[in-house]
>>> print(open('protein.csv').read())   # CSV, C-alpha atoms
chain,number,residue,atom,x,y,z
A,1,MET,CA,-54.2,-25.9,10.6
A,2,ASN,CA,-57.5,-24.7,12.0
A,3,ILE,CA,-57.5,-27.2,14.9
A,4,VAL,CA,-53.9,-26.5,15.9
A,5,TRP,CA,-54.4,-22.8,15.7
A,6,THR,CA,-57.7,-22.8,17.7
A,7,ILE,CA,-56.4,-25.1,20.5
A,8,THR,CA,-53.1,-23.2,20.9
A,9,LEU,CA,-54.9,-19.8,21.0
A,10,ILE,CA,-57.6,-20.9,23.5
A,11,ALA,CA,-55.2,-22.8,25.7
A,12,SER,CA,-52.8,-19.8,25.8
A,13,LEU,CA,-55.6,-17.3,26.5
A,14,ILE,CA,-56.9,-19.5,29.4
A,15,VAL,CA,-53.5,-19.6,30.9
A,16,MET,CA,-53.1,-15.9,30.5
A,17,LEU,CA,-56.4,-15.3,32.2
A,18,VAL,CA,-55.1,-17.2,35.2
A,19,ILE,CA,-51.6,-15.8,35.5
A,20,ASP,CA,-51.7,-12.3,33.8
A,21,PRO,CA,-55.1,-11.2,32.5
A,22,ALA,CA,-54.0,-7.6,32.2
A,23,ASN,CA,-51.5,-8.4,29.5
A,24,ALA,CA,-53.4,-11.0,27.5
A,25,PHE,CA,-54.7,-8.6,24.9
A,26,SER,CA,-51.6,-6.5,24.7
A,27,GLU,CA,-49.6,-9.6,24.0
A,28,MET,CA,-51.8,-10.4,21.1
A,29,LEU,CA,-51.4,-6.8,19.9
A,30,ASN,CA,-47.7,-7.3,20.3
A,31,GLY,CA,-47.8,-10.3,18.0
A,32,SER,CA,-49.8,-8.3,15.4
A,33,GLU,CA,-47.2,-5.6,15.6
A,34,GLN,CA,-44.4,-8.1,15.0
A,35,ALA,CA,-46.4,-9.3,12.0
A,36,ILE,CA,-46.5,-5.8,10.6
A,37,ASN,CA,-42.7,-5.4,11.1
A,38,LEU,CA,-42.0,-8.7,9.6
A,39,SER,CA,-44.3,-8.0,6.6
A,40,ILE,CA,-42.5,-4.8,5.9
A,41,LYS,CA,-39.2,-6.6,5.8
A,42,LEU,CA,-40.7,-9.4,3.7
A,43,TRP,CA,-42.2,-6.9,1.4
A,44,ALA,CA,-38.7,-5.5,0.7
A,45,VAL,CA,-37.4,-9.0,0.2
A,46,TYR,CA,-40.3,-9.9,-2.1
A,47,ALA,CA,-40.0,-6.7,-4.2
A,48,LEU,CA,-36.3,-7.2,-4.8
A,49,TRP,CA,-36.6,-11.0,-5.5
A,50,LEU,CA,-39.7,-10.7,-7.6
A,51,GLY,CA,-37.9,-8.1,-9.7
A,52,ILE,CA,-34.9,-10.4,-10.1
A,53,LEU,CA,-37.2,-13.4,-10.8
A,54,GLN,CA,-39.0,-11.4,-13.5
A,55,ILE,CA,-35.7,-10.8,-15.3
A,56,ILE,CA,-35.0,-14.6,-15.0
A,57,GLU,CA,-38.5,-15.3,-16.5
A,58,ASP,CA,-38.2,-12.7,-19.3
A,59,THR,CA,-34.8,-14.0,-20.3
A,60,LYS,CA,-36.2,-17.6,-20.3
A,61,LEU,CA,-33.5,-18.6,-17.8
A,62,ASP,CA,-36.1,-20.4,-15.8
A,63,GLU,CA,-36.3,-22.8,-18.7
A,64,VAL,CA,-32.6,-23.6,-18.1
A,65,PHE,CA,-33.2,-24.2,-14.4
A,66,LYS,CA,-36.1,-26.4,-15.3
A,67,LYS,CA,-34.0,-28.4,-17.8
A,68,LEU,CA,-31.3,-29.0,-15.2
A,69,LEU,CA,-33.8,-30.0,-12.5
A,70,ASN,CA,-36.2,-31.7,-14.9
A,71,PRO,CA,-35.1,-35.3,-14.1
A,72,ILE,CA,-35.8,-34.7,-10.4
A,73,ILE,CA,-39.0,-32.7,-11.0
A,74,SER,CA,-40.6,-35.2,-13.4
A,75,ILE,CA,-40.0,-38.1,-10.9
A,76,LEU,CA,-41.4,-36.2,-7.9
A,77,PHE,CA,-44.2,-34.2,-9.5
A,78,LYS,CA,-46.8,-35.8,-11.7
A,79,ASP,CA,-48.7,-34.1,-14.5
A,80,VAL,CA,-47.7,-30.5,-13.8
A,81,ASP,CA,-47.8,-27.9,-16.6
A,82,GLU,CA,-44.7,-26.0,-17.9
A,83,TYR,CA,-45.3,-22.8,-15.9
A,84,THR,CA,-45.6,-24.8,-12.6
A,85,LYS,CA,-42.5,-26.8,-13.5
A,86,ASN,CA,-40.6,-23.5,-13.9
A,87,GLN,CA,-41.8,-22.2,-10.6
A,88,ILE,CA,-40.9,-25.5,-8.9
A,89,ALA,CA,-37.4,-25.2,-10.4
A,90,ILE,CA,-37.0,-21.6,-9.2
A,91,ASN,CA,-38.3,-22.7,-5.7
A,92,ILE,CA,-35.8,-25.6,-5.4
A,93,THR,CA,-33.0,-23.4,-6.8
A,94,SER,CA,-33.6,-20.7,-4.3
A,95,ASN,CA,-33.8,-23.2,-1.5
A,96,LEU,CA,-30.5,-24.7,-2.5
A,97,LEU,CA,-28.9,-21.3,-2.6
A,98,GLY,CA,-30.1,-20.6,1.0
A,99,MET,CA,-32.2,-17.6,0.0
A,100,GLY,CA,-34.7,-18.1,2.8
A,101,ASN,CA,-37.8,-15.9,2.3
A,102,ALA,CA,-37.0,-15.5,-1.4
A,103,CYS,CA,-38.3,-19.0,-1.9
A,104,THR,CA,-41.8,-17.9,-1.0
A,105,PRO,CA,-43.0,-16.1,-4.2
A,106,SER,CA,-42.1,-19.1,-6.4
A,107,GLY,CA,-43.6,-21.5,-3.8
A,108,ILE,CA,-46.9,-19.7,-3.8
A,109,ASN,CA,-46.9,-19.6,-7.7
A,110,ALA,CA,-46.1,-23.3,-7.9
A,111,ILE,CA,-48.9,-24.2,-5.5
A,112,GLY,CA,-51.2,-21.9,-7.5
A,113,GLY,CA,-50.2,-23.6,-10.7
A,114,MET,CA,-51.0,-27.0,-9.2
A,115,TYR,CA,-54.4,-25.8,-7.8
A,116,LYS,CA,-57.3,-26.8,-10.0
A,117,GLY,CA,-60.1,-25.9,-7.6
A,118,GLY,CA,-61.5,-27.9,-4.7
A,119,ASN,CA,-60.5,-27.6,-1.0
A,120,SER,CA,-58.2,-30.5,-0.6
A,121,ILE,CA,-54.4,-30.8,-1.2
A,122,THR,CA,-52.9,-33.0,-3.9
A,123,GLY,CA,-49.8,-35.3,-3.9
A,124,ASN,CA,-47.8,-32.6,-5.8
A,125,MET,CA,-48.5,-29.9,-3.2
A,126,SER,CA,-47.6,-32.2,-0.4
A,127,MET,CA,-44.3,-33.0,-2.2
A,128,LEU,CA,-43.5,-29.3,-2.6
A,129,ILE,CA,-44.1,-28.6,1.1
A,130,VAL,CA,-42.0,-31.6,2.1
A,131,PHE,CA,-39.2,-30.3,-0.1
A,132,ASN,CA,-39.4,-26.9,1.7
A,133,THR,CA,-39.7,-28.5,5.1
A,134,ALA,CA,-36.4,-30.2,4.8
A,135,ASN,CA,-35.0,-26.7,3.9
A,136,ILE,CA,-32.4,-28.4,1.6
A,137,GLN,CA,-29.5,-25.9,1.1
A,138,LEU,CA,-25.9,-26.0,0.0
A,139,ILE,CA,-24.7,-23.3,2.3
A,140,PRO,CA,-26.9,-22.3,5.4
A,141,THR,CA,-25.9,-18.7,5.1
A,142,THR,CA,-28.3,-17.2,7.7
A,143,ILE,CA,-27.3,-19.6,10.5
A,144,ILE,CA,-23.6,-19.3,9.7
A,145,GLY,CA,-24.0,-15.5,9.9
A,146,ILE,CA,-25.5,-15.7,13.3
A,147,ARG,CA,-22.8,-18.2,14.5
A,148,ILE,CA,-20.1,-15.7,13.4
A,149,LEU,CA,-21.9,-12.9,15.3
A,150,HIS,CA,-21.7,-15.0,18.4
A,151,GLY,CA,-18.0,-15.5,18.0
A,152,SER,CA,-17.9,-19.0,16.6
A,153,ALA,CA,-14.3,-20.3,16.0
A,154,ASN,CA,-15.5,-22.7,13.4
A,155,SER,CA,-18.7,-21.3,12.0
A,156,SER,CA,-18.9,-23.4,8.9
A,157,SER,CA,-18.4,-26.7,10.8
A,158,ILE,CA,-22.2,-27.1,10.6
A,159,ILE,CA,-22.4,-27.2,6.8
A,160,PHE,CA,-21.7,-30.9,6.3
A,161,PRO,CA,-24.0,-32.1,9.1
A,162,THR,CA,-26.8,-29.7,7.9
A,163,ILE,CA,-26.6,-31.1,4.3
A,164,LEU,CA,-26.6,-34.7,5.7
A,165,THR,CA,-29.6,-34.0,7.9
A,166,SER,CA,-31.5,-32.2,5.1
A,167,ILE,CA,-30.8,-35.1,2.7
A,168,ALA,CA,-32.0,-37.6,5.2
A,169,SER,CA,-35.1,-35.6,6.0
A,170,VAL,CA,-36.0,-34.9,2.3
A,171,THR,CA,-35.5,-38.6,1.4
A,172,LEU,CA,-37.7,-39.8,4.2
A,173,GLY,CA,-40.2,-37.0,3.3
A,174,ILE,CA,-40.4,-37.9,-0.4
A,175,PHE,CA,-40.9,-41.6,0.6
A,176,LEU,CA,-43.6,-40.8,3.2
A,177,SER,CA,-45.3,-38.2,1.0
A,178,LYS,CA,-45.7,-40.7,-1.8
A,179,ILE,CA,-47.1,-43.3,0.6
A,180,CYS,CA,-49.4,-40.9,2.4
A,181,ALA,CA,-50.7,-39.6,-1.0
A,182,LYS,CA,-51.5,-43.2,-2.0
A,183,ILE,CA,-53.3,-43.9,1.3
A,184,PHE,CA,-55.1,-40.7,2.0
A,185,LEU,CA,-55.7,-39.1,-1.4
A,186,LYS,CA,-56.8,-42.1,-3.4
A,187,GLU,CA,-59.9,-42.6,-1.2
A,188,LYS,CA,-61.3,-39.3,-2.6
A,189,LYS,CA,-61.5,-40.8,-6.1
A,190,HIS,CA,-63.6,-43.7,-4.9
A,191,GLU,CA,-66.2,-41.4,-3.4
B,1,MET,CA,-17.0,-16.6,-0.4
B,2,SER,CA,-20.8,-16.3,-0.2
B,3,ASP,CA,-20.4,-12.5,0.0
B,4,PHE,CA,-19.4,-12.6,-3.7
B,5,PHE,CA,-21.9,-15.1,-4.7
B,6,LEU,CA,-25.1,-13.1,-4.9
B,7,PRO,CA,-23.7,-9.9,-6.5
B,8,MET,CA,-21.9,-12.0,-9.1
B,9,ILE,CA,-25.1,-13.9,-10.0
B,10,ILE,CA,-27.0,-10.6,-10.3
B,11,ILE,CA,-24.3,-9.1,-12.6
B,12,ALA,CA,-24.3,-12.3,-14.7
B,13,LEU,CA,-28.1,-12.1,-14.9
B,14,ILE,CA,-28.2,-8.4,-16.1
B,15,LEU,CA,-25.5,-9.2,-18.7
B,16,TYR,CA,-27.4,-12.2,-19.9
B,17,SER,CA,-30.5,-10.0,-20.1
B,18,LEU,CA,-28.6,-7.5,-22.3
B,19,TYR,CA,-27.3,-10.3,-24.5
B,20,LYS,CA,-30.9,-11.6,-24.9
B,21,LYS,CA,-31.8,-8.0,-25.9
B,22,LYS,CA,-34.4,-7.8,-23.0
B,23,ASN,CA,-35.1,-4.7,-21.0
B,24,ALA,CA,-33.9,-5.6,-17.5
B,25,TYR,CA,-35.1,-2.3,-16.1
B,26,SER,CA,-38.7,-2.8,-17.0
B,27,SER,CA,-38.6,-6.5,-16.2
B,28,PHE,CA,-37.5,-5.7,-12.7
B,29,ALA,CA,-40.2,-3.0,-12.3
B,30,ILE,CA,-42.9,-5.4,-13.5
B,31,GLY,CA,-41.7,-8.1,-11.0
B,32,ALA,CA,-41.4,-5.6,-8.1
B,33,LYS,CA,-45.0,-4.5,-8.7
B,34,LYS,CA,-46.1,-8.1,-8.0
B,35,SER,CA,-44.8,-7.7,-4.5
B,36,PHE,CA,-47.9,-5.6,-3.5
B,37,ASP,CA,-50.2,-8.5,-4.5
B,38,LEU,CA,-48.0,-11.0,-2.7
B,39,ILE,CA,-47.7,-9.2,0.6
B,40,LEU,CA,-51.5,-8.5,0.6
B,41,THR,CA,-52.1,-12.2,0.2
B,42,THR,CA,-49.5,-13.4,2.8
B,43,PHE,CA,-50.0,-10.7,5.4
B,44,PRO,CA,-53.3,-12.0,6.9
B,45,TYR,CA,-51.6,-15.4,7.5
B,46,ILE,CA,-48.5,-13.9,9.0
B,47,VAL,CA,-50.6,-12.0,11.5
B,48,THR,CA,-52.7,-15.0,12.3
B,49,ILE,CA,-49.7,-17.1,13.2
B,50,LEU,CA,-47.7,-14.4,15.0
B,51,VAL,CA,-50.6,-13.4,17.2
B,52,VAL,CA,-50.9,-17.0,18.5
B,53,VAL,CA,-47.2,-17.4,18.9
B,54,ALA,CA,-47.1,-14.2,21.0
B,55,VAL,CA,-49.7,-15.3,23.5
B,56,TYR,CA,-48.4,-18.9,23.5
B,57,ASN,CA,-45.0,-17.6,24.6
B,58,ALA,CA,-46.3,-15.0,27.0
B,59,SER,CA,-48.6,-17.5,28.7
B,60,GLY,CA,-45.6,-19.7,29.5
B,61,LEU,CA,-47.4,-22.5,27.7
B,62,ASN,CA,-44.2,-23.0,25.7
B,63,ILE,CA,-42.4,-24.0,28.8
B,64,TYR,CA,-45.1,-26.5,29.9
B,65,VAL,CA,-45.1,-28.1,26.4
B,66,SER,CA,-41.3,-28.2,26.3
B,67,GLN,CA,-41.3,-29.9,29.7
B,68,ALA,CA,-43.9,-32.4,28.6
B,69,LEU,CA,-42.0,-33.3,25.4
B,70,SER,CA,-38.4,-33.2,26.8
B,71,PRO,CA,-38.4,-36.8,28.3
B,72,ILE,CA,-39.5,-38.2,24.9
B,73,LEU,CA,-37.0,-36.2,22.9
B,74,ASN,CA,-34.3,-36.9,25.5
B,75,PHE,CA,-34.9,-40.6,25.1
B,76,LEU,CA,-34.3,-40.2,21.4
B,77,GLY,CA,-31.0,-38.5,22.1
B,78,VAL,CA,-32.0,-34.8,22.0
B,79,PRO,CA,-30.7,-32.7,24.9
B,80,PRO,CA,-33.6,-31.0,26.8
B,81,GLU,CA,-32.0,-27.5,26.3
B,82,LEU,CA,-33.1,-27.8,22.6
B,83,THR,CA,-36.8,-28.7,23.1
B,84,GLU,CA,-38.1,-25.2,23.1
B,85,LEU,CA,-36.2,-24.4,19.9
B,86,ILE,CA,-37.5,-27.5,18.2
B,87,ILE,CA,-41.1,-26.8,19.0
B,88,LEU,CA,-41.1,-23.0,18.1
B,89,LYS,CA,-39.2,-23.7,14.9
B,90,ASN,CA,-42.4,-25.3,13.6
B,91,PHE,CA,-44.3,-22.0,13.9
B,92,THR,CA,-41.9,-19.3,13.0
B,93,GLY,CA,-38.4,-19.1,11.6
B,94,GLY,CA,-37.8,-15.5,12.7
B,95,GLY,CA,-39.1,-16.0,16.2
B,96,SER,CA,-36.9,-19.1,16.8
B,97,ILE,CA,-33.8,-17.1,15.9
B,98,ALA,CA,-34.2,-15.3,19.3
B,99,ILE,CA,-34.1,-18.7,21.0
B,100,LEU,CA,-31.1,-19.8,19.0
B,101,GLU,CA,-29.2,-16.8,20.1
B,102,ASN,CA,-30.2,-17.4,23.6
B,103,ILE,CA,-28.9,-21.0,23.4
B,104,PHE,CA,-25.6,-19.6,21.9
B,105,GLN,CA,-25.3,-17.2,24.9
B,106,THR,CA,-26.0,-19.8,27.6
B,107,HIS,CA,-24.3,-22.9,26.2
B,108,GLY,CA,-21.8,-21.5,23.7
B,109,VAL,CA,-21.7,-21.6,19.9
B,110,ASP,CA,-19.1,-24.4,19.3
B,111,THR,CA,-20.4,-26.7,22.0
B,112,TYR,CA,-22.4,-29.9,21.2
B,113,ILE,CA,-25.6,-28.1,22.1
B,114,GLY,CA,-24.6,-25.0,20.0
B,115,LYS,CA,-23.9,-27.1,17.0
B,116,CYS,CA,-27.0,-29.2,17.3
B,117,ALA,CA,-29.1,-26.0,17.6
B,118,SER,CA,-27.5,-24.6,14.4
B,119,VAL,CA,-28.0,-27.7,12.4
B,120,ILE,CA,-31.7,-28.0,13.6
B,121,MET,CA,-32.3,-24.4,12.6
B,122,ALA,CA,-30.7,-24.8,9.2
B,123,SER,CA,-32.3,-28.2,8.3
B,124,SER,CA,-35.9,-27.6,9.2
B,125,GLU,CA,-38.6,-25.1,8.2
B,126,ALA,CA,-41.5,-23.3,9.9
B,127,VAL,CA,-44.1,-25.8,8.8
B,128,PHE,CA,-47.2,-23.8,10.0
B,129,TYR,CA,-45.9,-20.6,8.5
B,130,VAL,CA,-44.9,-22.1,5.1
B,131,THR,CA,-48.1,-24.1,4.8
B,132,ALA,CA,-50.3,-21.0,5.6
B,133,VAL,CA,-48.4,-18.7,3.2
B,134,TYR,CA,-47.9,-21.2,0.3
B,135,PHE,CA,-51.6,-22.0,0.2
B,136,SER,CA,-52.7,-18.4,0.7
B,137,LYS,CA,-53.8,-18.0,-2.9
B,138,THR,CA,-55.9,-21.2,-2.9
B,139,LYS,CA,-59.2,-22.1,-1.2
B,140,ILE,CA,-57.7,-25.3,0.3
B,141,GLU,CA,-58.7,-26.1,3.8
B,142,LYS,CA,-58.2,-29.9,3.9
B,143,PHE,CA,-54.6,-30.5,4.5
B,144,LYS,CA,-55.2,-34.2,5.5
B,145,TYR,CA,-51.9,-35.8,6.4
B,146,LEU,CA,-49.6,-32.9,5.4
B,147,ILE,CA,-49.2,-31.0,8.7
B,148,PRO,CA,-48.5,-34.2,10.8
B,149,LEU,CA,-46.1,-35.4,8.1
B,150,ALA,CA,-44.2,-32.1,8.0
B,151,LEU,CA,-44.0,-31.9,11.8
B,152,PHE,CA,-42.8,-35.5,11.9
B,153,LEU,CA,-40.0,-34.6,9.4
B,154,ASN,CA,-38.9,-31.7,11.6
B,155,PHE,CA,-38.7,-33.9,14.7
B,156,PHE,CA,-36.9,-36.5,12.6
B,157,SER,CA,-34.3,-34.0,11.4
B,158,ALA,CA,-33.8,-32.7,15.0
B,159,ILE,CA,-33.1,-36.3,16.2
B,160,PHE,CA,-30.9,-36.9,13.2
B,161,ALA,CA,-29.0,-33.6,13.7
B,162,CYS,CA,-28.3,-34.4,17.4
B,163,PHE,CA,-27.0,-37.8,16.3
B,164,ILE,CA,-24.8,-36.6,13.5
B,165,CYS,CA,-23.3,-33.7,15.7
B,166,ARG,CA,-21.8,-36.3,18.0
B,167,PHE,CA,-19.2,-37.0,15.3
B,168,ILE,CA,-18.0,-33.4,14.6
>>> encode(input="protein.csv", output="structure tokens")
Amino acid sequence: MNIVWTITLIASLIVMLVIDPANAFSEMLNGSEQAINLSIKLWAVYALWLGILQIIEDTKLDEVFKKLLNPIISILFKDVDEYTKNQIAINITSNLLGMGNACTPSGINAIGGMYKGGNSITGNMSMLIVFNTANIQLIPTTIIGIRILHGSANSSSIIFPTILTSIASVTLGIFLSKICAKIFLKEKKHE
Amino acid sequence: MSDFFLPMIIIALILYSLYKKKNAYSSFAIGAKKSFDLILTTFPYIVTILVVVAVYNASGLNIYVSQALSPILNFLGVPPELTELIILKNFTGGGSIAILENIFQTHGVDTYIGKCASVIMASSEAVFYVTAVYFSKTKIEKFKYLIPLALFLNFFSAIFACFICRFI
């Protein structure tokens, strides 16, 4: 994270110094402003979804999601407590329903539940990120919406290829995540 | 169809809450209160990423990087028009929507390129953003293989999407 961020920022700033030094700082400020605007939108999304999620948790519906998804969760995630399992179940469910940013609160909680101190990732965390990277969803509502706005004659033609691509990506991801965890995370225990 | 979906789920949820004799009103309020904490934790990471994306795009570095990667992706069956989208999608989902709309305007929505772009957008995730935000409540700094793996998966799904779109 740190390396990519540093290299991209320094390289971009050096290029800006050559082509357009006057706007270098104002562009950064522009990015910061976009972050504020996005955060306000996200705040609204979070407030609404966390409210709904709290109703789900208080009615113990998350236990139902967990039971439905338990076969998958217990194969993919090793030794996670019940709270974390519930959060993973909510995260996967909201991914499947194409809720976009609504996945974030449960994702943060799930990672928090897996975190037992230290400064290195675990195999479970990597699995959750892989699951979110493939963005597996039954109906890609946001993109279909944008397609309709741009006058698509067949806006939902992308549903099937999207599902296929997500499944391919998540399958490969699960496989590679397991392998990488074995190679890169085992070493730590020998130290 | 999907217009009915969410409202119906919410109605069902409230009814279920009544059936369970829970106070949906105060549950919602308690949940909504947690959004303060969440936005305070995620905001620093959102700024950190968007500031870099802004100078990266303004400097024109995005075009150089796209040009450098285009031949490789082209070799794997990805049209060069999509390179910029594929790269930016790793950083920000919101920012790449602007590029998607640009592609729709220049190349059309229902063309091969338009379909590929849609599938790529819908089947990948902003890796840098998600990783930064998801880990924001932990002290984790060593991501080891995670970022390269997730980036690889995004590139893989882009290649796969361009392949599968040949058949629709």
>>> residues_around(input="protein.csv", residues="Tyr129 of chain B", least_positions_apart="2", cutoff="12 Å", atoms="all atoms listed in the file", output="PyMOL selection string")
(chain A and resi 1+5+35+101+104+129+132-133) or (chain B and resi 42-50+52-53+88-95+125-127+131-136+147+150-151)
>>> interface_residues(input="protein.csv", of="chain A", to="chain B", cutoff="7 Å", atoms="all atoms listed in the file", output="ChimeraX atom specification")
/A:8-9,12-13,15-16,24,27-28,30-32,35,39,43,46-48,50-55,58-59,107-108,111-112,115,118-121,126,130,132-136,140,143,147,150,152,158,161-162,165-166,169,173,180
>>> atom_distance(input="protein.csv", atom1="atom CA of Ile99 of chain B", atom2="atom CA of Glu84 of chain B")
7.9 Å
>>> atom_distance(input="protein.csv", atom1="atom CA of Phe65 of chain A", atom2="atom CA of Phe4 of chain B")
21.0 Å
>>> atom_distance(input="protein.csv", atom1="atom CA of Ile103 of chain B", atom2="atom CA of Pro80 of chain B")
11.6 Å
>>> residues_near_point(input="protein.csv", point="(-39.7, -32.6, 26.6)", cutoff="10 Å", atoms="all atoms listed in the file", output="PyMOL selection string")
chain B and resi 63-75+78-84+87
>>> write_last_selection(input="protein.csv", atoms="C-alpha atoms", output="compact mmCIF listing (two decimals), in the coordinates of the input")
# COMPACT_ATOMS: atom_id res chain seq x y z
CA ILE B 63 -42.40 -24.00 28.80
CA TYR B 64 -45.10 -26.50 29.90
CA VAL B 65 -45.10 -28.10 26.40
CA SER B 66 -41.30 -28.20 26.30
CA GLN B 67 -41.30 -29.90 29.70
CA ALA B 68 -43.90 -32.40 28.60
CA LEU B 69 -42.00 -33.30 25.40
CA SER B 70 -38.40 -33.20 26.80
CA PRO B 71 -38.40 -36.80 28.30
CA ILE B 72 -39.50 -38.20 24.90
CA LEU B 73 -37.00 -36.20 22.90
CA ASN B 74 -34.30 -36.90 25.50
CA PHE B 75 -34.90 -40.60 25.10
CA VAL B 78 -32.00 -34.80 22.00
CA PRO B 79 -30.70 -32.70 24.90
CA PRO B 80 -33.60 -31.00 26.80
CA GLU B 81 -32.00 -27.50 26.30
CA LEU B 82 -33.10 -27.80 22.60
CA THR B 83 -36.80 -28.70 23.10
CA GLU B 84 -38.10 -25.20 23.10
CA ILE B 87 -41.10 -26.80 19.00
